[in-house]
Amino acid sequence: MTAISSLFDLLYAARYHILLLVGGWISWQQWTSYQRLTHFKGPTLAAFSSLWMASAVGSKKMYLKLYDISLRYGELTRAAPNILLTGDPDLIQRMNAARSPYTKSNWYAGQRAEADRHNLFSTKDEEEHTRRRAQMAVGYSGKEIDGLEGLINNHVLALVNLIRRKYITTGSDLRPFDLALRASFFTMDVITDISFGQTWGCLDTDSDVADWFKTQETVMPAAIQISTIPWLAKLLRIPFVGKMVMPSDKDEKGAGKLLGIAKSIVEKRFATKGHEDWRDMMGSFIRRGVTKEEAVTEAGLQIVAGADTTATTIRATALYVITNPSVYRKLQSEIDSFHPQNTIISDKEATSLLYLIATIKEGLRMWPPTTGLLSKVVPPAGDTFKGCFIPGGTEIGISFWALERNKEIFGEDAGLFRPERWLEANENRLENMERTLGLVFGSGKYSCLGKNIAWMELGKVIFNLFKNFEFTLIDPSHPWNSRNVGLWLQKEMFVKVTDRVHTT
């Protein structure tokens with residue numbers, strides 16, 4: 001005890017010197033970081049502190065904050081002491097290329113769902129990332145999911161039936177329908193069905209099962225904000241700290257509840273004889289060596305990547321259509337002139353409808369479903385891009401609003417929702433537009449593995465919603481409650497729904 005007391009006495013006596021040393025070290029770190037990127041413009045605070053970025057996330061309008069500084073300061077804007085921001089498709093593809101020396105930044109590590117395990121998205125280890133992609137690529141593509149299209153059809157039909165059963169307005173009997181929330185119900189049920197072999201049950205119960213979406217409103221902003229502040233992100237990587245604040249499979253609600261259910265499903269699957277032969281997404285993963293622990297870890301990623309982003313595109317596309325009468329008329333005209341072979345349009349049929357696909361592409365472009373930084377680290381030797389040298393170790397994030405509103409690529413009216421641009425563009429421009437839009441799904445070694453399933457859902461649900469119903473915003477001055485923290489938190493998109501009368 002005497003030795004410990006003496007140590008504390010010594011530390012106390014030297015407290016001012018210690019504070020001075022710590023303060024000096026922090027100041028030196030900030031100064032050297034500032035000096036490395038002084039030739040890049042940006043907000044003054046961003047050059048010295050991560051507080052500007054943290055405040056952008058905290059504002060719930062991160063996408064606009066990043067877009068604003070991209071417009072104000074130009075390409076490669078400084079958004080934090082060691083973070084630059086780009087909306088250049090060439091640079092983004094350069095960073096994501098299969099043999100690119102760029103690597104994932106610490107931002108990714110903050111996106112894991114469990115305290116002690118990384119998923120495919122959050123892992124920074126390039127070899128591990130490559131290994132897992134190889135294991136999961138076929139499963140995410142849907143090629144080994146028997147009856148994939150039929151499963152999606154069932155949920156489209158469930159959504160249509162739910163609307164018809166509970167939310168059709170007749171006369172003055174207004175029955176407000178929250179299209180934003182039910183879009184989430186639809187995509188959640190789809191992804192859980194094709195991932196685990198059982199649906200989450202949101203559409204059947206017309207409810208937020210286990211408060212998943214309610215929990216996301218608090219969990220998601222906190223997780224992404226922490227990932228933008230380096231010292232907080234490092235703190236969360238300490239195992240016992242992470243376990244205190246991150247979801248657990250013992251939780252009764254929200255993300256933890258889902259992890260618990262996924263763990264139970266996975267354990268039952270691995271205990272079943274012949275489980276590796278099942279023709280679903282999990283079976284595909286298992287056949288390629290995914291362990292029981294890894295299968296549970298990937299569950300959270302499957303939900304966010306497969307449900308949240310697709311739901312955002314459904315909402316945004318529907319909103320833009322509803323608020324643009326000419327687009328609404330053209331879309332419904334094409335829909336009404338086409339007669340699918342079955343109740344729910346097939347994927348092949350949907351992709352043949354040019355205006356439908358152009359409308360979805362335009363909705364995806366105008367409202368990218370993810371706006372997180374997705375920052376990559378410049379290789380140690382640095383990189384020179386279009387004549388500009390970028391020091392090694394610098395992180396480069398993406399402004400998706402700047403990327404998808406690039407006037408050189410999409411035209412002077414890039415800020416306007418106009419599906420016709422996809423039908424009018426010449427071959428060269430269309431190729432450039434397609435390439436840039438595709439970056440919403442990533443590219444190269446970081447491309448989204450499930451984008452084909454997402455496109456299948458989008459074509460089917462947009463066609464069948466506008467084929468069966470008329471939608472009118474109840475309050476055009478406040479169409480929805482939409483907040484952004486890198487992903488979207490959207491609700492209260494209340495519409496009046498009436499059944500359409502089809503004439504033959």
# chains A, B, ... in the order shown; residues from 1 in each chain; ligands from 1

$ residues_around --residues "stretch 126-135 of chain A" --least-positions-apart "5" --cutoff "7 Å" --atoms "only C-alpha atoms" --output "PyMOL selection string"
chain A and resi 120+285+288-290

$ write_last_selection --atoms "N, CA and C atoms" --output "short mmCIF file (atom, residue, chain, number, x, y, z; two decimals), in the first residue's frame"
data_model
loop_
_atom_site.label_atom_id
_atom_site.label_comp_id
_atom_site.auth_asym_id
_atom_site.auth_seq_id
_atom_site.Cartn_x
_atom_site.Cartn_y
_atom_site.Cartn_z
N LEU A 120 -18.87 -8.56 -42.68
CA LEU A 120 -18.23 -8.32 -43.97
C LEU A 120 -17.99 -6.84 -44.22
N PHE A 285 -24.04 -19.74 -47.66
CA PHE A 285 -22.90 -19.30 -46.85
C PHE A 285 -22.20 -20.50 -46.21
N ARG A 288 -19.92 -22.71 -48.15
CA ARG A 288 -18.63 -22.10 -48.49
C ARG A 288 -17.78 -21.78 -47.27
N GLY A 289 -18.12 -22.42 -46.17
CA GLY A 289 -17.24 -22.36 -45.01
C GLY A 289 -17.55 -21.33 -43.95
N VAL A 290 -18.68 -20.62 -44.04
CA VAL A 290 -19.04 -19.65 -43.01
C VAL A 290 -19.36 -20.40 -41.72
#

$ select_by_dssp --residues "stretch 84-293 of chain A" --states "strand (DSSP E or B)" --output "JSON, numbers by chain"
{"A": [84, 85, 86, 103, 104, 114, 117, 168, 170, 173, 177, 178]}

$ residues_around --residues "A:Phe469" --least-positions-apart "4" --cutoff "6 Å" --atoms "only C-alpha atoms" --output "PyMOL selection string"
chain A and resi 465+498-500

$ write_last_selection --atoms "C-alpha atoms" --output "compact mmCIF listing (two decimals), in the first residue's frame"
# COMPACT_ATOMS: atom_id res chain seq x y z
CA LEU A 465 -48.26 -0.29 -55.86
CA THR A 498 -57.74 4.77 -53.06
CA ASP A 499 -58.33 1.65 -55.09
CA ARG A 500 -57.84 2.12 -58.80

$ atom_distance --atom1 "atom CA of A:Thr310" --atom2 "atom CA of A:Phe186"
9.7 Å

$ residues_around --residues "A:Ala180" --least-positions-apart "4" --cutoff "12 Å" --atoms "only C-alpha atoms" --output "PyMOL selection string"
chain A and resi 176+184-187+213+308+310-319+473+479-482+488-495

$ select_by_dssp --residues "stretch 28-106 of chain A" --states "helix (DSSP H, G or I)" --output "tab-separated table (two decimals) with all heavy atoms, in the first residue's frame"
chain	number	residue	atom	x	y	z
A	28	TRP	N	0.29	18.73	-30.73
A	28	TRP	CA	1.24	18.38	-31.78
A	28	TRP	C	0.58	17.51	-32.84
A	28	TRP	O	0.79	17.71	-34.04
A	28	TRP	CB	2.44	17.67	-31.18
A	28	TRP	CG	3.40	17.11	-32.20
A	28	TRP	CD1	3.60	15.80	-32.54
A	28	TRP	CD2	4.27	17.86	-33.05
A	28	TRP	NE1	4.53	15.68	-33.53
A	28	TRP	CE2	4.97	16.94	-33.86
A	28	TRP	CE3	4.52	19.23	-33.19
A	28	TRP	CZ2	5.90	17.34	-34.81
A	28	TRP	CZ3	5.45	19.62	-34.14
A	28	TRP	CH2	6.14	18.69	-34.92
A	29	GLN	N	-0.22	16.53	-32.38
A	29	GLN	CA	-0.91	15.65	-33.31
A	29	GLN	C	-1.86	16.47	-34.21
A	29	GLN	O	-1.92	16.25	-35.42
A	29	GLN	CB	-1.74	14.60	-32.54
A	29	GLN	CG	-0.90	13.55	-31.83
A	29	GLN	CD	-0.27	12.58	-32.80
A	29	GLN	OE1	0.90	12.70	-33.12
A	29	GLN	NE2	-1.02	11.61	-33.27
A	30	GLN	N	-2.61	17.37	-33.59
A	30	GLN	CA	-3.54	18.20	-34.36
A	30	GLN	C	-2.80	19.11	-35.34
A	30	GLN	O	-3.24	19.29	-36.48
A	30	GLN	CB	-4.39	19.05	-33.41
A	30	GLN	CG	-5.34	18.27	-32.51
A	30	GLN	CD	-6.42	17.58	-33.31
A	30	GLN	OE1	-6.29	16.40	-33.65
A	30	GLN	NE2	-7.48	18.29	-33.63
A	31	TRP	N	-1.67	19.66	-34.89
A	31	TRP	CA	-0.91	20.58	-35.74
A	31	TRP	C	-0.31	19.85	-36.94
A	31	TRP	O	-0.40	20.33	-38.08
A	31	TRP	CB	0.20	21.26	-34.94
A	31	TRP	CG	1.10	22.12	-35.79
A	31	TRP	CD1	2.39	21.88	-36.15
A	31	TRP	CD2	0.76	23.37	-36.41
A	31	TRP	NE1	2.87	22.88	-36.95
A	31	TRP	CE2	1.88	23.82	-37.12
A	31	TRP	CE3	-0.41	24.14	-36.42
A	31	TRP	CZ2	1.90	25.00	-37.84
A	31	TRP	CZ3	-0.40	25.33	-37.14
A	31	TRP	CH2	0.74	25.75	-37.83
A	32	THR	N	0.29	18.68	-36.70
A	32	THR	CA	0.88	17.93	-37.80
A	32	THR	C	-0.19	17.48	-38.78
A	32	THR	O	0.02	17.47	-40.00
A	32	THR	CB	1.68	16.71	-37.29
A	32	THR	OG1	0.83	15.90	-36.44
A	32	THR	CG2	2.90	17.15	-36.50
A	33	SER	N	-1.36	17.09	-38.24
A	33	SER	CA	-2.47	16.70	-39.11
A	33	SER	C	-2.94	17.88	-39.94
A	33	SER	O	-3.20	17.76	-41.14
A	33	SER	CB	-3.63	16.14	-38.27
A	33	SER	OG	-4.69	15.75	-39.09
A	34	TYR	N	-3.03	19.04	-39.30
A	34	TYR	CA	-3.43	20.26	-40.01
A	34	TYR	C	-2.45	20.60	-41.13
A	34	TYR	O	-2.84	20.91	-42.25
A	34	TYR	CB	-3.52	21.42	-39.01
A	34	TYR	CG	-3.60	22.78	-39.66
A	34	TYR	CD1	-4.79	23.22	-40.25
A	34	TYR	CD2	-2.48	23.62	-39.71
A	34	TYR	CE1	-4.86	24.46	-40.87
A	34	TYR	CE2	-2.55	24.86	-40.32
A	34	TYR	CZ	-3.74	25.28	-40.90
A	34	TYR	OH	-3.81	26.50	-41.51
A	35	GLN	N	-1.16	20.51	-40.83
A	35	GLN	CA	-0.12	20.89	-41.78
A	35	GLN	C	-0.12	20.01	-43.03
A	35	GLN	O	0.12	20.49	-44.13
A	35	GLN	CB	1.26	20.82	-41.12
A	35	GLN	CG	1.54	21.97	-40.17
A	35	GLN	CD	1.74	23.28	-40.92
A	35	GLN	OE1	0.81	24.07	-41.06
A	35	GLN	NE2	2.93	23.49	-41.44
A	36	ARG	N	-0.42	18.71	-42.85
A	36	ARG	CA	-0.35	17.77	-43.97
A	36	ARG	C	-1.32	18.13	-45.08
A	36	ARG	O	-1.06	17.84	-46.25
A	36	ARG	CB	-0.66	16.35	-43.48
A	36	ARG	CG	0.40	15.74	-42.60
A	36	ARG	CD	-0.05	14.41	-42.04
A	36	ARG	NE	-0.20	13.40	-43.08
A	36	ARG	CZ	-1.36	12.91	-43.50
A	36	ARG	NH1	-2.49	13.37	-42.99
A	36	ARG	NH2	-1.41	11.98	-44.44
A	45	LEU	N	-13.07	25.00	-38.87
A	45	LEU	CA	-13.08	24.07	-37.74
A	45	LEU	C	-12.65	22.67	-38.17
A	45	LEU	O	-11.97	21.96	-37.42
A	45	LEU	CB	-14.48	24.03	-37.11
A	45	LEU	CG	-14.66	23.09	-35.90
A	45	LEU	CD1	-13.73	23.51	-34.76
A	45	LEU	CD2	-16.11	23.08	-35.44
A	46	ALA	N	-13.02	22.27	-39.38
A	46	ALA	CA	-12.70	20.92	-39.85
A	46	ALA	C	-11.20	20.69	-39.98
A	46	ALA	O	-10.74	19.55	-39.91
A	46	ALA	CB	-13.38	20.67	-41.19
A	47	ALA	N	-10.44	21.75	-40.14
A	47	ALA	CA	-8.99	21.60	-40.28
A	47	ALA	C	-8.32	21.24	-38.96
A	47	ALA	O	-7.23	20.67	-38.95
A	47	ALA	CB	-8.39	22.89	-40.83
A	51	LEU	N	-14.99	17.88	-34.66
A	51	LEU	CA	-16.27	18.39	-34.19
A	51	LEU	C	-17.17	18.85	-35.33
A	51	LEU	O	-18.39	18.75	-35.24
A	51	LEU	CB	-16.05	19.54	-33.19
A	51	LEU	CG	-15.47	19.14	-31.83
A	51	LEU	CD1	-15.24	20.38	-30.97
A	51	LEU	CD2	-16.40	18.16	-31.12
A	52	TRP	N	-16.57	19.37	-36.41
A	52	TRP	CA	-17.42	19.78	-37.54
A	52	TRP	C	-18.17	18.58	-38.10
A	52	TRP	O	-19.37	18.63	-38.35
A	52	TRP	CB	-16.59	20.43	-38.64
A	52	TRP	CG	-17.47	20.97	-39.74
A	52	TRP	CD1	-17.99	22.23	-39.82
A	52	TRP	CD2	-17.99	20.25	-40.86
A	52	TRP	NE1	-18.82	22.34	-40.92
A	52	TRP	CE2	-18.84	21.15	-41.58
A	52	TRP	CE3	-17.84	18.96	-41.33
A	52	TRP	CZ2	-19.51	20.76	-42.74
A	52	TRP	CZ3	-18.52	18.58	-42.49
A	52	TRP	CH2	-19.34	19.47	-43.19
A	53	MET	N	-17.44	17.46	-38.29
A	53	MET	CA	-18.07	16.25	-38.82
A	53	MET	C	-19.10	15.70	-37.84
A	53	MET	O	-20.19	15.27	-38.24
A	53	MET	CB	-17.01	15.19	-39.12
A	53	MET	CG	-17.57	13.92	-39.75
A	53	MET	SD	-18.29	14.18	-41.39
A	53	MET	CE	-16.80	14.39	-42.35
A	54	ALA	N	-18.76	15.70	-36.56
A	54	ALA	CA	-19.70	15.21	-35.56
A	54	ALA	C	-20.97	16.05	-35.53
A	54	ALA	O	-22.08	15.52	-35.39
A	54	ALA	CB	-19.04	15.21	-34.18
A	55	SER	N	-20.82	17.35	-35.71
A	55	SER	CA	-22.00	18.22	-35.72
A	55	SER	C	-22.84	17.99	-36.96
A	55	SER	O	-24.07	18.10	-36.93
A	55	SER	CB	-21.59	19.70	-35.63
A	55	SER	OG	-20.94	20.11	-36.83
A	56	ALA	N	-22.20	17.64	-38.09
A	56	ALA	CA	-22.93	17.33	-39.32
A	56	ALA	C	-23.81	16.10	-39.12
A	56	ALA	O	-24.98	16.08	-39.54
A	56	ALA	CB	-21.96	17.11	-40.47
A	57	VAL	N	-23.25	15.07	-38.47
A	57	VAL	CA	-24.04	13.87	-38.17
A	57	VAL	C	-25.15	14.22	-37.19
A	57	VAL	O	-26.31	13.82	-37.36
A	57	VAL	CB	-23.15	12.76	-37.59
A	57	VAL	CG1	-24.00	11.54	-37.22
A	57	VAL	CG2	-22.08	12.35	-38.59
A	58	GLY	N	-24.81	14.99	-36.16
A	58	GLY	CA	-25.79	15.36	-35.13
A	58	GLY	C	-26.93	16.21	-35.65
A	58	GLY	O	-28.03	16.20	-35.08
A	62	MET	N	-26.82	15.29	-42.49
A	62	MET	CA	-25.43	15.09	-42.88
A	62	MET	C	-25.23	15.20	-44.39
A	62	MET	O	-24.26	15.80	-44.86
A	62	MET	CB	-24.95	13.72	-42.39
A	62	MET	CG	-23.53	13.37	-42.74
A	62	MET	SD	-23.09	11.75	-42.10
A	62	MET	CE	-21.45	11.55	-42.80
A	63	TYR	N	-26.16	14.64	-45.15
A	63	TYR	CA	-26.03	14.63	-46.61
A	63	TYR	C	-25.95	16.05	-47.17
A	63	TYR	O	-25.18	16.32	-48.11
A	63	TYR	CB	-27.19	13.86	-47.23
A	63	TYR	CG	-28.55	14.51	-47.08
A	63	TYR	CD1	-29.19	15.10	-48.17
A	63	TYR	CD2	-29.20	14.55	-45.85
A	63	TYR	CE1	-30.44	15.69	-48.03
A	63	TYR	CE2	-30.44	15.13	-45.70
A	63	TYR	CZ	-31.06	15.71	-46.79
A	63	TYR	OH	-32.29	16.31	-46.65
A	64	LEU	N	-26.74	16.98	-46.60
A	64	LEU	CA	-26.73	18.36	-47.07
A	64	LEU	C	-25.49	19.11	-46.62
A	64	LEU	O	-24.95	19.95	-47.34
A	64	LEU	CB	-27.99	19.09	-46.60
A	64	LEU	CG	-29.30	18.68	-47.26
A	64	LEU	CD1	-30.46	19.49	-46.67
A	64	LEU	CD2	-29.23	18.87	-48.78
A	65	LYS	N	-25.03	18.82	-45.41
A	65	LYS	CA	-23.82	19.45	-44.90
A	65	LYS	C	-22.62	19.10	-45.79
A	65	LYS	O	-21.81	19.96	-46.14
A	65	LYS	CB	-23.54	19.01	-43.46
A	65	LYS	CG	-24.63	19.38	-42.46
A	65	LYS	CD	-24.64	20.85	-42.15
A	65	LYS	CE	-25.64	21.16	-41.04
A	65	LYS	NZ	-25.67	22.60	-40.71
A	66	LEU	N	-22.52	17.81	-46.14
A	66	LEU	CA	-21.41	17.38	-46.99
A	66	LEU	C	-21.54	17.95	-48.40
A	66	LEU	O	-20.55	18.34	-49.03
A	66	LEU	CB	-21.35	15.85	-47.05
A	66	LEU	CG	-21.13	15.12	-45.72
A	66	LEU	CD1	-20.99	13.62	-45.95
A	66	LEU	CD2	-19.91	15.65	-44.98
A	67	TYR	N	-22.76	17.98	-48.90
A	67	TYR	CA	-23.00	18.53	-50.24
A	67	TYR	C	-22.68	20.02	-50.28
A	67	TYR	O	-22.05	20.51	-51.23
A	67	TYR	CB	-24.46	18.30	-50.61
A	67	TYR	CG	-24.84	18.73	-52.02
A	67	TYR	CD1	-24.02	18.46	-53.10
A	67	TYR	CD2	-26.05	19.38	-52.25
A	67	TYR	CE1	-24.37	18.84	-54.39
A	67	TYR	CE2	-26.42	19.76	-53.54
A	67	TYR	CZ	-25.58	19.49	-54.60
A	67	TYR	OH	-25.94	19.86	-55.88
A	68	ASP	N	-23.04	20.73	-49.24
A	68	ASP	CA	-22.81	22.17	-49.17
A	68	ASP	C	-21.32	22.50	-49.24
A	68	ASP	O	-20.90	23.37	-50.01
A	68	ASP	CB	-23.42	22.75	-47.90
A	68	ASP	CG	-23.14	24.23	-47.75
A	68	ASP	OD1	-23.62	25.00	-48.60
A	68	ASP	OD2	-22.46	24.62	-46.79
A	69	ILE	N	-20.50	21.80	-48.46
A	69	ILE	CA	-19.07	22.12	-48.49
A	69	ILE	C	-18.43	21.63	-49.79
A	69	ILE	O	-17.43	22.21	-50.24
A	69	ILE	CB	-18.31	21.58	-47.26
A	69	ILE	CG1	-18.35	20.06	-47.19
A	69	ILE	CG2	-18.85	22.20	-45.98
A	69	ILE	CD1	-17.43	19.48	-46.11
A	70	SER	N	-19.00	20.59	-50.40
A	70	SER	CA	-18.49	20.15	-51.70
A	70	SER	C	-18.71	21.23	-52.75
A	70	SER	O	-17.83	21.50	-53.58
A	70	SER	CB	-19.18	18.86	-52.14
A	70	SER	OG	-18.86	17.79	-51.28
A	71	LEU	N	-19.88	21.86	-52.73
A	71	LEU	CA	-20.17	22.94	-53.68
A	71	LEU	C	-19.34	24.18	-53.37
A	71	LEU	O	-18.86	24.85	-54.28
A	71	LEU	CB	-21.66	23.29	-53.62
A	71	LEU	CG	-22.66	22.23	-54.12
A	71	LEU	CD1	-24.09	22.74	-53.93
A	71	LEU	CD2	-22.41	21.89	-55.58
A	72	ARG	N	-19.17	24.45	-52.09
A	72	ARG	CA	-18.49	25.69	-51.68
A	72	ARG	C	-16.99	25.64	-51.92
A	72	ARG	O	-16.38	26.62	-52.38
A	72	ARG	CB	-18.77	25.96	-50.20
A	72	ARG	CG	-18.23	27.31	-49.72
A	72	ARG	CD	-18.53	27.52	-48.26
A	72	ARG	NE	-19.96	27.39	-47.95
A	72	ARG	CZ	-20.47	27.48	-46.72
A	72	ARG	NH1	-19.68	27.72	-45.70
A	72	ARG	NH2	-21.77	27.35	-46.53
A	73	TYR	N	-16.37	24.49	-51.62
A	73	TYR	CA	-14.90	24.41	-51.65
A	73	TYR	C	-14.35	23.59	-52.81
A	73	TYR	O	-13.14	23.54	-53.01
A	73	TYR	CB	-14.38	23.86	-50.33
A	73	TYR	CG	-14.74	24.72	-49.14
A	73	TYR	CD1	-15.73	24.32	-48.24
A	73	TYR	CD2	-14.10	25.94	-48.92
A	73	TYR	CE1	-16.07	25.10	-47.14
A	73	TYR	CE2	-14.44	26.74	-47.83
A	73	TYR	CZ	-15.43	26.31	-46.95
A	73	TYR	OH	-15.77	27.09	-45.87
A	89	PRO	N	-16.53	10.47	-59.56
A	89	PRO	CA	-16.69	9.03	-59.80
A	89	PRO	C	-15.38	8.33	-60.16
A	89	PRO	O	-15.20	7.15	-59.84
A	89	PRO	CB	-17.70	8.96	-60.94
A	89	PRO	CG	-17.66	10.30	-61.60
A	89	PRO	CD	-17.33	11.27	-60.51
A	90	ASP	N	-14.47	9.06	-60.83
A	90	ASP	CA	-13.19	8.46	-61.22
A	90	ASP	C	-12.36	8.12	-59.99
A	90	ASP	O	-11.75	7.04	-59.91
A	90	ASP	CB	-12.41	9.39	-62.13
A	90	ASP	CG	-13.10	9.62	-63.46
A	90	ASP	OD1	-13.83	8.72	-63.91
A	90	ASP	OD2	-12.94	10.73	-64.03
A	91	LEU	N	-12.33	9.02	-59.01
A	91	LEU	CA	-11.55	8.78	-57.80
A	91	LEU	C	-12.19	7.66	-56.97
A	91	LEU	O	-11.49	6.82	-56.40
A	91	LEU	CB	-11.44	10.06	-56.97
A	91	LEU	CG	-10.66	9.95	-55.65
A	91	LEU	CD1	-9.27	9.37	-55.88
A	91	LEU	CD2	-10.57	11.31	-54.96
A	92	ILE	N	-13.51	7.65	-56.91
A	92	ILE	CA	-14.20	6.61	-56.13
A	92	ILE	C	-13.91	5.24	-56.72
A	92	ILE	O	-13.61	4.28	-55.99
A	92	ILE	CB	-15.71	6.90	-56.10
A	92	ILE	CG1	-15.97	8.20	-55.34
A	92	ILE	CG2	-16.47	5.75	-55.43
A	92	ILE	CD1	-17.38	8.74	-55.49
A	93	GLN	N	-13.97	5.13	-58.05
A	93	GLN	CA	-13.65	3.85	-58.68
A	93	GLN	C	-12.18	3.49	-58.49
A	93	GLN	O	-11.84	2.31	-58.32
A	93	GLN	CB	-13.99	3.91	-60.17
A	93	GLN	CG	-15.49	3.82	-60.45
A	93	GLN	CD	-15.77	3.50	-61.90
A	93	GLN	OE1	-15.25	4.14	-62.80
A	93	GLN	NE2	-16.61	2.50	-62.13
A	94	ARG	N	-11.33	4.47	-58.50
A	94	ARG	CA	-9.89	4.25	-58.27
A	94	ARG	C	-9.67	3.65	-56.88
A	94	ARG	O	-8.88	2.71	-56.72
A	94	ARG	CB	-9.15	5.58	-58.41
A	94	ARG	CG	-7.63	5.53	-58.28
A	94	ARG	CD	-7.11	6.95	-58.24
A	94	ARG	NE	-5.67	7.08	-58.23
A	94	ARG	CZ	-4.92	7.27	-59.31
A	94	ARG	NH1	-5.48	7.34	-60.51
A	94	ARG	NH2	-3.61	7.41	-59.22
A	95	MET	N	-10.36	4.20	-55.88
A	95	MET	CA	-10.20	3.71	-54.51
A	95	MET	C	-10.76	2.30	-54.33
A	95	MET	O	-10.26	1.52	-53.53
A	95	MET	CB	-10.88	4.66	-53.53
A	95	MET	CG	-10.27	6.05	-53.47
A	95	MET	SD	-10.91	7.05	-52.10
A	95	MET	CE	-12.64	7.25	-52.57
A	96	ASN	N	-11.84	1.98	-55.07
A	96	ASN	CA	-12.53	0.71	-54.89
A	96	ASN	C	-12.05	-0.41	-55.80
A	96	ASN	O	-12.51	-1.55	-55.64
A	96	ASN	CB	-14.04	0.91	-55.13
A	96	ASN	CG	-14.69	1.77	-54.06
A	96	ASN	OD1	-14.09	2.10	-53.06
A	96	ASN	ND2	-15.94	2.14	-54.31
A	106	ASN	N	-11.00	3.64	-40.40
A	106	ASN	CA	-11.60	3.27	-39.12
A	106	ASN	C	-13.11	3.51	-39.08
A	106	ASN	O	-13.80	3.01	-38.21
A	106	ASN	CB	-10.94	4.05	-37.98
A	106	ASN	CG	-9.55	3.52	-37.65
A	106	ASN	OD1	-9.28	2.34	-37.83
A	106	ASN	ND2	-8.67	4.39	-37.20

$ residues_around --residues "A:Met281" --least-positions-apart "6" --cutoff "8 Å" --atoms "only C-alpha atoms" --output "list in words"
Gly139, Tyr140, Gly142, Glu144, Ile145, Ile194, Ser195 and Phe196 of chain A

$ residues_around --residues "stretch 368-378 of chain A" --least-positions-apart "3" --cutoff "6 Å" --atoms "only C-alpha atoms" --output "VMD selection string"
chain A and resid 102 to 105 309 312 364 to 365 382 392 to 398 400 486 to 487

$ residues_around --residues "stretch 148-163 of chain A" --least-positions-apart "6" --cutoff "9 Å" --atoms "only C-alpha atoms" --output "compact mmCIF listing (two decimals) with N, CA and C atoms, in the first residue's frame"
# COMPACT_ATOMS: atom_id res chain seq x y z
N GLY A 142 -28.41 -14.48 -54.88
CA GLY A 142 -29.72 -15.14 -54.97
C GLY A 142 -29.71 -16.37 -55.86
N PHE A 177 -52.22 6.20 -44.38
CA PHE A 177 -51.30 5.07 -44.57
C PHE A 177 -49.88 5.59 -44.53
N ARG A 182 -44.40 1.17 -43.82
CA ARG A 182 -44.74 -0.11 -44.46
C ARG A 182 -43.72 -0.52 -45.52
N ALA A 183 -43.02 0.43 -46.10
CA ALA A 183 -41.91 0.06 -46.99
C ALA A 183 -40.85 -0.69 -46.19
N PHE A 185 -41.46 -2.41 -43.41
CA PHE A 185 -42.04 -3.72 -43.08
C PHE A 185 -41.82 -4.70 -44.24
N PHE A 186 -42.08 -4.22 -45.46
CA PHE A 186 -41.95 -5.07 -46.64
C PHE A 186 -40.51 -5.57 -46.81
N THR A 187 -39.54 -4.67 -46.80
CA THR A 187 -38.15 -5.08 -47.04
C THR A 187 -37.61 -5.91 -45.89
N ASP A 189 -39.38 -8.04 -44.04
CA ASP A 189 -39.92 -9.39 -44.20
C ASP A 189 -39.25 -10.13 -45.34
N VAL A 190 -38.93 -9.43 -46.43
CA VAL A 190 -38.25 -10.07 -47.56
C VAL A 190 -36.88 -10.58 -47.15
N ASP A 193 -36.83 -13.45 -44.63
CA ASP A 193 -37.32 -14.69 -45.25
C ASP A 193 -36.24 -15.36 -46.09
N ILE A 194 -35.58 -14.58 -46.94
CA ILE A 194 -34.58 -15.20 -47.82
C ILE A 194 -33.25 -15.45 -47.10
N LEU A 203 -45.46 -7.41 -41.84
CA LEU A 203 -46.66 -7.22 -42.64
C LEU A 203 -47.83 -8.03 -42.09
N ASP A 204 -47.56 -9.23 -41.61
CA ASP A 204 -48.64 -10.05 -41.06
C ASP A 204 -49.31 -9.39 -39.87
N ASP A 206 -48.77 -6.09 -39.09
CA ASP A 206 -48.81 -4.64 -39.32
C ASP A 206 -48.25 -3.90 -38.12
N ASP A 280 -31.01 -21.88 -49.46
CA ASP A 280 -31.32 -20.50 -49.11
C ASP A 280 -30.01 -19.76 -48.89
N THR A 343 -50.30 -12.39 -61.20
CA THR A 343 -50.75 -11.28 -60.36
C THR A 343 -49.61 -10.31 -60.06
N ILE A 344 -48.44 -10.86 -59.72
CA ILE A 344 -47.25 -10.04 -59.44
C ILE A 344 -46.33 -10.11 -60.66
N ILE A 345 -45.93 -8.96 -61.14
CA ILE A 345 -45.08 -8.89 -62.33
C ILE A 345 -43.77 -9.64 -62.09
N SER A 346 -43.28 -10.31 -63.11
CA SER A 346 -42.00 -11.02 -62.98
C SER A 346 -40.85 -10.03 -63.12
N ASP A 347 -39.68 -10.44 -62.66
CA ASP A 347 -38.50 -9.58 -62.76
C ASP A 347 -38.16 -9.30 -64.22
N ILE A 453 -30.88 -8.55 -55.99
CA ILE A 453 -32.11 -8.79 -55.22
C ILE A 453 -32.83 -7.47 -54.99
N MET A 456 -34.70 -6.44 -58.04
CA MET A 456 -35.89 -7.28 -58.22
C MET A 456 -37.03 -6.79 -57.34
N GLU A 457 -36.73 -6.48 -56.08
CA GLU A 457 -37.75 -5.96 -55.16
C GLU A 457 -38.32 -4.64 -55.68
N LYS A 460 -40.72 -4.88 -58.78
CA LYS A 460 -41.99 -5.52 -58.44
C LYS A 460 -42.87 -4.62 -57.58
N VAL A 461 -42.29 -4.02 -56.55
CA VAL A 461 -43.13 -3.29 -55.60
C VAL A 461 -43.62 -1.96 -56.18
N ASN A 464 -46.44 -2.78 -58.76
CA ASN A 464 -47.71 -3.25 -58.18
C ASN A 464 -48.39 -2.23 -57.29
N LEU A 465 -47.63 -1.36 -56.65
CA LEU A 465 -48.26 -0.29 -55.86
C LEU A 465 -49.01 0.67 -56.78
N ASN A 468 -52.18 -0.85 -58.58
CA ASN A 468 -53.37 -1.13 -57.78
C ASN A 468 -53.97 0.08 -57.08
N PHE A 469 -53.17 1.11 -56.83
CA PHE A 469 -53.65 2.19 -55.97
C PHE A 469 -53.29 3.57 -56.51
N VAL A 497 -54.91 6.58 -49.71
CA VAL A 497 -54.88 5.52 -50.72
C VAL A 497 -56.28 5.21 -51.19
